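For reference, the structure is listed below as structure tokens.
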Amino acid sequence: MKKVLFVVTSHDKLGNTGKQTGFYLPEVSHPHKVLTEKGFEIDFVSPKGGKAPMDGIDLNDPVNKSFLNNKSFVAKVENTLTPNQINPVDYAAIFYAGGHGTMWDFPDNEPIAKIASAIYEKGGVVAAVCHGPAGLVNIKLSNGKYLVDGKTVSSFTNEEEKAVGLANVVPFLLESRLIERGARHTKAPLWQSHVEVSERLVTGQNPASAEQVGKAMVKLLSK
């Protein structure tokens with residue numbers, strides 16, 4: 001059984017706005033459905049472990065609803081593993097789910113970055129959607145280069161960040177930081193699905209891209 005590691009944020013405060021945030025449920029539920037239907041087993045890890053804060057709980061989305069109705073899925077999100085409980089050898093892929101919380105606790109999490117680079121360097125897949133690529137910005141490979149350097153990527157765009165009124169709230173602009181790290185960033189218009197596959201790195205722009213990221217992962221993992 002091939003396993004996939006989902007990374008979700010532990011961070012629940014939206015900067016200085018007084019609002020709550022966390023991981024964005026559709027960015028977990030949609031790829032999760034695609035992968036589990038293909039027989040992949042999924043574990044959840046977060047920077048702090050334990051219960052991950054959830055955002056984007058739209059119950060009109062049947063995929064969200066069926067995820068939340070599955071006790072074993074919910075138990076994994078409420079009892080996420082800590083990075084030191086993870087052995088990268090056990091996983092064929094790692095997937096960074098989005099949600100604004102990731103912007104605070106993904107970039108500088110070295111233990112998870114090391115897990116991702118280990119999975120990538122043994123031929124595995126690294127994937128991320130929306131704000132999930134915040135987890136990619138500081139991943140270095142054993143040759144000292146950034147994982148995203150020279151790769152084509154997509155992520156939540158600067159225009160989308162401005163459109164939701166949070167460009168001055170997040171600690172940095174994700175698109176700009178990826179470009180600084182040597183990535184070639186591509187994008188679709190606001191809120192349109194857009195996914196890039198660059199070698200074994202899969203990235204999606206926004207919540208609308210989550211299902212397609214899951215499908216692109218399956219394609220790579222089936223090779």
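Each chain in the structure tokens gets a letter, A, B, ..., in the order shown, and its residues are numbered from 1; ligands are numbered from 1 in order too.
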Determine, for each residue of segment 109-132 of chain A having at least one atom at most 9 Å from an atom of segment 81-93 of chain A, the closest pair of atoms and their separation in Å to one decimal, counting only C-alpha atoms; order by chain and ascending number, as CSV.
```
residue,atom,partner,partner_atom,distance
A:Pro111,CA,A:Pro83,CA,6.0
A:Ile112,CA,A:Pro83,CA,6.0
A:Lys114,CA,A:Pro88,CA,8.8
A:Ile115,CA,A:Pro88,CA,5.5
A:Ala116,CA,A:Pro88,CA,7.6
A:Ala118,CA,A:Pro88,CA,6.3
A:Ile119,CA,A:Pro88,CA,5.8
A:Tyr120,CA,A:Ala93,CA,7.8
A:Lys122,CA,A:Val89,CA,8.3
A:Gly123,CA,A:Ala92,CA,8.0
A:Gly124,CA,A:Ala92,CA,5.0
A:Val125,CA,A:Ala93,CA,4.4
A:Val126,CA,A:Ala93,CA,5.7
A:Ala127,CA,A:Ala93,CA,7.6
```
May I have the selected residues written with C-alpha atoms, as a compact mmCIF listing (two decimals), in the first residue's frame?
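Dumped to selection.txt:
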```txt
# COMPACT_ATOMS: atom_id res chain seq x y z
CA PRO A 111 11.53 19.00 10.26
CA ILE A 112 8.73 18.89 7.66
CA LYS A 114 13.49 17.62 5.64
CA ILE A 115 10.74 15.00 5.30
CA ALA A 116 9.69 16.54 1.96
CA ALA A 118 13.84 13.06 1.66
CA ILE A 119 10.65 11.90 -0.10
CA TYR A 120 11.56 13.88 -3.24
CA LYS A 122 14.13 9.02 -3.20
CA GLY A 123 11.90 9.48 -6.24
CA GLY A 124 8.68 10.50 -4.49
CA VAL A 125 6.22 13.26 -5.31
CA VAL A 126 5.93 16.65 -3.57
CA ALA A 127 2.64 18.51 -4.02
```
Determine, counting only C-alpha atoms, which protein, DNA and RNA residues have an atom within 10 Å of an atom of segment 46-54 of chain A; residues of the same chain fewer than 5 positions away are not included. Present the result as an MDAnalysis selection string.
chainID A and resid 6:13 20:25 74:85 96 99 101:102 105:106 108:112
Write a file of the selected residues as a short mmCIF file (atom, residue, chain, number, x, y, z; two decimals), in the first residue's frame, keeping C-alpha atoms.
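After the write, selection.cif holds the following:
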```cif
data_model
loop_
_atom_site.label_atom_id
_atom_site.label_comp_id
_atom_site.auth_asym_id
_atom_site.auth_seq_id
_atom_site.Cartn_x
_atom_site.Cartn_y
_atom_site.Cartn_z
CA PHE A 6 -0.87 15.32 4.07
CA VAL A 7 0.59 18.38 5.83
CA VAL A 8 -1.88 20.76 7.51
CA THR A 9 -1.28 23.94 9.47
CA SER A 10 -1.36 24.23 13.27
CA HIS A 11 -1.81 28.02 13.07
CA ASP A 12 -5.29 29.42 13.75
CA LYS A 13 -4.85 33.21 13.92
CA GLN A 20 -9.58 32.63 12.89
CA THR A 21 -7.91 30.60 10.16
CA GLY A 22 -6.45 27.13 9.70
CA PHE A 23 -6.26 24.62 6.87
CA TYR A 24 -8.85 25.01 4.12
CA LEU A 25 -11.11 21.96 4.17
CA VAL A 74 -11.92 13.37 11.06
CA ALA A 75 -10.00 11.49 13.77
CA LYS A 76 -6.81 11.81 11.72
CA VAL A 77 -7.26 15.57 11.36
CA GLU A 78 -8.00 15.94 15.07
CA ASN A 79 -4.98 13.83 16.02
CA THR A 80 -2.35 14.82 13.48
CA LEU A 81 1.10 13.33 13.87
CA THR A 82 4.12 15.41 14.84
CA PRO A 83 7.04 15.64 12.39
CA ASN A 84 9.26 13.47 14.63
CA GLN A 85 6.74 10.61 14.34
CA TYR A 96 0.87 20.50 1.59
CA GLY A 99 -5.39 27.70 4.14
CA GLY A 101 -2.59 29.53 8.51
CA THR A 102 0.17 27.88 6.48
CA ASP A 105 3.96 27.99 10.32
CA PHE A 106 4.95 26.19 7.09
CA ASP A 108 10.32 27.79 8.63
CA ASN A 109 9.35 24.28 9.69
CA GLU A 110 12.65 22.47 9.13
CA PRO A 111 11.53 19.00 10.26
CA ILE A 112 8.73 18.89 7.66
#
```
Give me the residues near Trp191 of chain A as number ranges by chain, where near means some atom within 8 Å (using only C-alpha atoms) and where sequence neighbours in that chain fewer than 3 positions away do not count.
A: 160, 188, 206-208
Report the residues of segment 1-214 of chain A whose backbone DSSP state falls under strand (DSSP E), written as a ChimeraX atom specification.
/A:3-7,23-24,41-45,54-55,93-96,125-129,152-153,184-185,195-198,201-204
Selection to disk with C-alpha atoms, as an mmCIF file, in the first residue's frame:
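Listing of out.cif after writing:
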```
data_model
loop_
_atom_site.group_PDB
_atom_site.id
_atom_site.type_symbol
_atom_site.label_atom_id
_atom_site.label_comp_id
_atom_site.auth_asym_id
_atom_site.auth_seq_id
_atom_site.Cartn_x
_atom_site.Cartn_y
_atom_site.Cartn_z
ATOM 1 C CA LYS A 3 1.042 6.025 1.548
ATOM 2 C CA VAL A 4 0.696 9.786 1.123
ATOM 3 C CA LEU A 5 1.463 12.314 3.851
ATOM 4 C CA PHE A 6 -0.872 15.325 4.073
ATOM 5 C CA VAL A 7 0.589 18.383 5.831
ATOM 6 C CA PHE A 23 -6.262 24.620 6.870
ATOM 7 C CA TYR A 24 -8.851 25.013 4.118
ATOM 8 C CA GLU A 41 -3.592 5.454 2.512
ATOM 9 C CA ILE A 42 -3.281 8.959 3.948
ATOM 10 C CA ASP A 43 -1.662 10.150 7.177
ATOM 11 C CA PHE A 44 -1.803 13.704 8.515
ATOM 12 C CA VAL A 45 1.065 15.664 10.033
ATOM 13 C CA MET A 54 -10.142 23.848 10.118
ATOM 14 C CA ASP A 55 -11.411 26.631 7.854
ATOM 15 C CA ALA A 93 4.316 11.490 -1.702
ATOM 16 C CA ILE A 94 3.829 14.502 0.530
ATOM 17 C CA PHE A 95 1.041 17.048 -0.016
ATOM 18 C CA TYR A 96 0.871 20.496 1.585
ATOM 19 C CA VAL A 125 6.219 13.263 -5.307
ATOM 20 C CA VAL A 126 5.934 16.648 -3.569
ATOM 21 C CA ALA A 127 2.644 18.513 -4.022
ATOM 22 C CA ALA A 128 0.945 21.627 -2.673
ATOM 23 C CA VAL A 129 -2.118 23.752 -3.360
ATOM 24 C CA THR A 152 7.464 25.723 -12.909
ATOM 25 C CA VAL A 153 4.999 26.276 -10.071
ATOM 26 C CA ARG A 184 8.961 30.069 -12.708
ATOM 27 C CA HIS A 185 5.481 31.045 -11.495
ATOM 28 C CA VAL A 195 -2.099 23.140 -11.909
ATOM 29 C CA GLU A 196 1.576 22.813 -12.837
ATOM 30 C CA VAL A 197 3.536 19.557 -12.917
ATOM 31 C CA SER A 198 7.303 20.117 -13.004
ATOM 32 C CA LEU A 201 6.551 18.651 -8.103
ATOM 33 C CA VAL A 202 2.809 19.304 -8.405
ATOM 34 C CA THR A 203 1.368 22.697 -7.467
ATOM 35 C CA GLY A 204 -2.109 24.210 -7.722
#
```
Counting only C-alpha atoms, what is within 7 Å of His30 of chain A, bar same-chain residues fewer than 4 positions away, as a list in words?
Pro26, Val34, Val63, Ala210 and Glu211 of chain A
One residue among A:Pro171, A:Leu166, A:Asp58, A:Leu178 is nearest to Ser154 of chain A when using only C-alpha atoms, and that residue is A:Leu178
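Restricting the calculation to only C-alpha atoms, the smallest distance between Thr186 of chain A and any of A:Thr157, A:Lys65, A:Lys19, A:Tyr146 is found for A:Thr157.
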When you look at His131 of chain A with a cut-off of 7 Å (counting only C-alpha atoms), what residues show up, excluding the ones that are within fewer than 6 positions of it in the same chain? I need them as a ChimeraX atom specification.
/A:98-100,102-103,155-156
Please dump the current selection as a PDB file, in the first residue's frame; keep N, CA and C atoms.
```pdb
ATOM      1  N   GLY A  98      -3.541  23.861   1.684  1.00  0.00           N
ATOM      2  CA  GLY A  98      -3.510  25.304   1.917  1.00  0.00           C
ATOM      3  C   GLY A  98      -4.396  25.748   3.065  1.00  0.00           C
ATOM      4  N   GLY A  99      -4.756  27.014   3.019  1.00  0.00           N
ATOM      5  CA  GLY A  99      -5.391  27.705   4.138  1.00  0.00           C
ATOM      6  C   GLY A  99      -4.421  28.774   4.585  1.00  0.00           C
ATOM      7  N   HIS A 100      -4.921  29.931   4.991  1.00  0.00           N
ATOM      8  CA  HIS A 100      -4.018  31.040   5.311  1.00  0.00           C
ATOM      9  C   HIS A 100      -3.059  30.740   6.464  1.00  0.00           C
ATOM     10  N   THR A 102      -1.120  28.417   6.948  1.00  0.00           N
ATOM     11  CA  THR A 102       0.169  27.877   6.476  1.00  0.00           C
ATOM     12  C   THR A 102       1.241  28.946   6.310  1.00  0.00           C
ATOM     13  N   MET A 103       0.790  30.175   6.024  1.00  0.00           N
ATOM     14  CA  MET A 103       1.750  31.257   5.760  1.00  0.00           C
ATOM     15  C   MET A 103       2.596  31.568   6.984  1.00  0.00           C
ATOM     16  N   SER A 155       0.624  28.864  -7.371  1.00  0.00           N
ATOM     17  CA  SER A 155       0.237  29.022  -5.966  1.00  0.00           C
ATOM     18  C   SER A 155      -0.830  30.106  -5.925  1.00  0.00           C
ATOM     19  N   PHE A 156      -1.365  30.345  -4.739  1.00  0.00           N
ATOM     20  CA  PHE A 156      -2.254  31.496  -4.549  1.00  0.00           C
ATOM     21  C   PHE A 156      -1.497  32.726  -5.055  1.00  0.00           C
TER      22      PHE A 156
END
```
Mind pulling up the distance from atom CA of Ala167 of chain A to atom CA of Pro107 of chain A?
17.0 Å
Which of segment 56-132 of chain A fall in alpha helix (DSSP H), as a count of residues only:
31
With distances taken over only C-alpha atoms, which of A:Val218, A:Asn138, A:Ala183, A:Val213 is nearest to Glu37 of chain A?
A:Val218
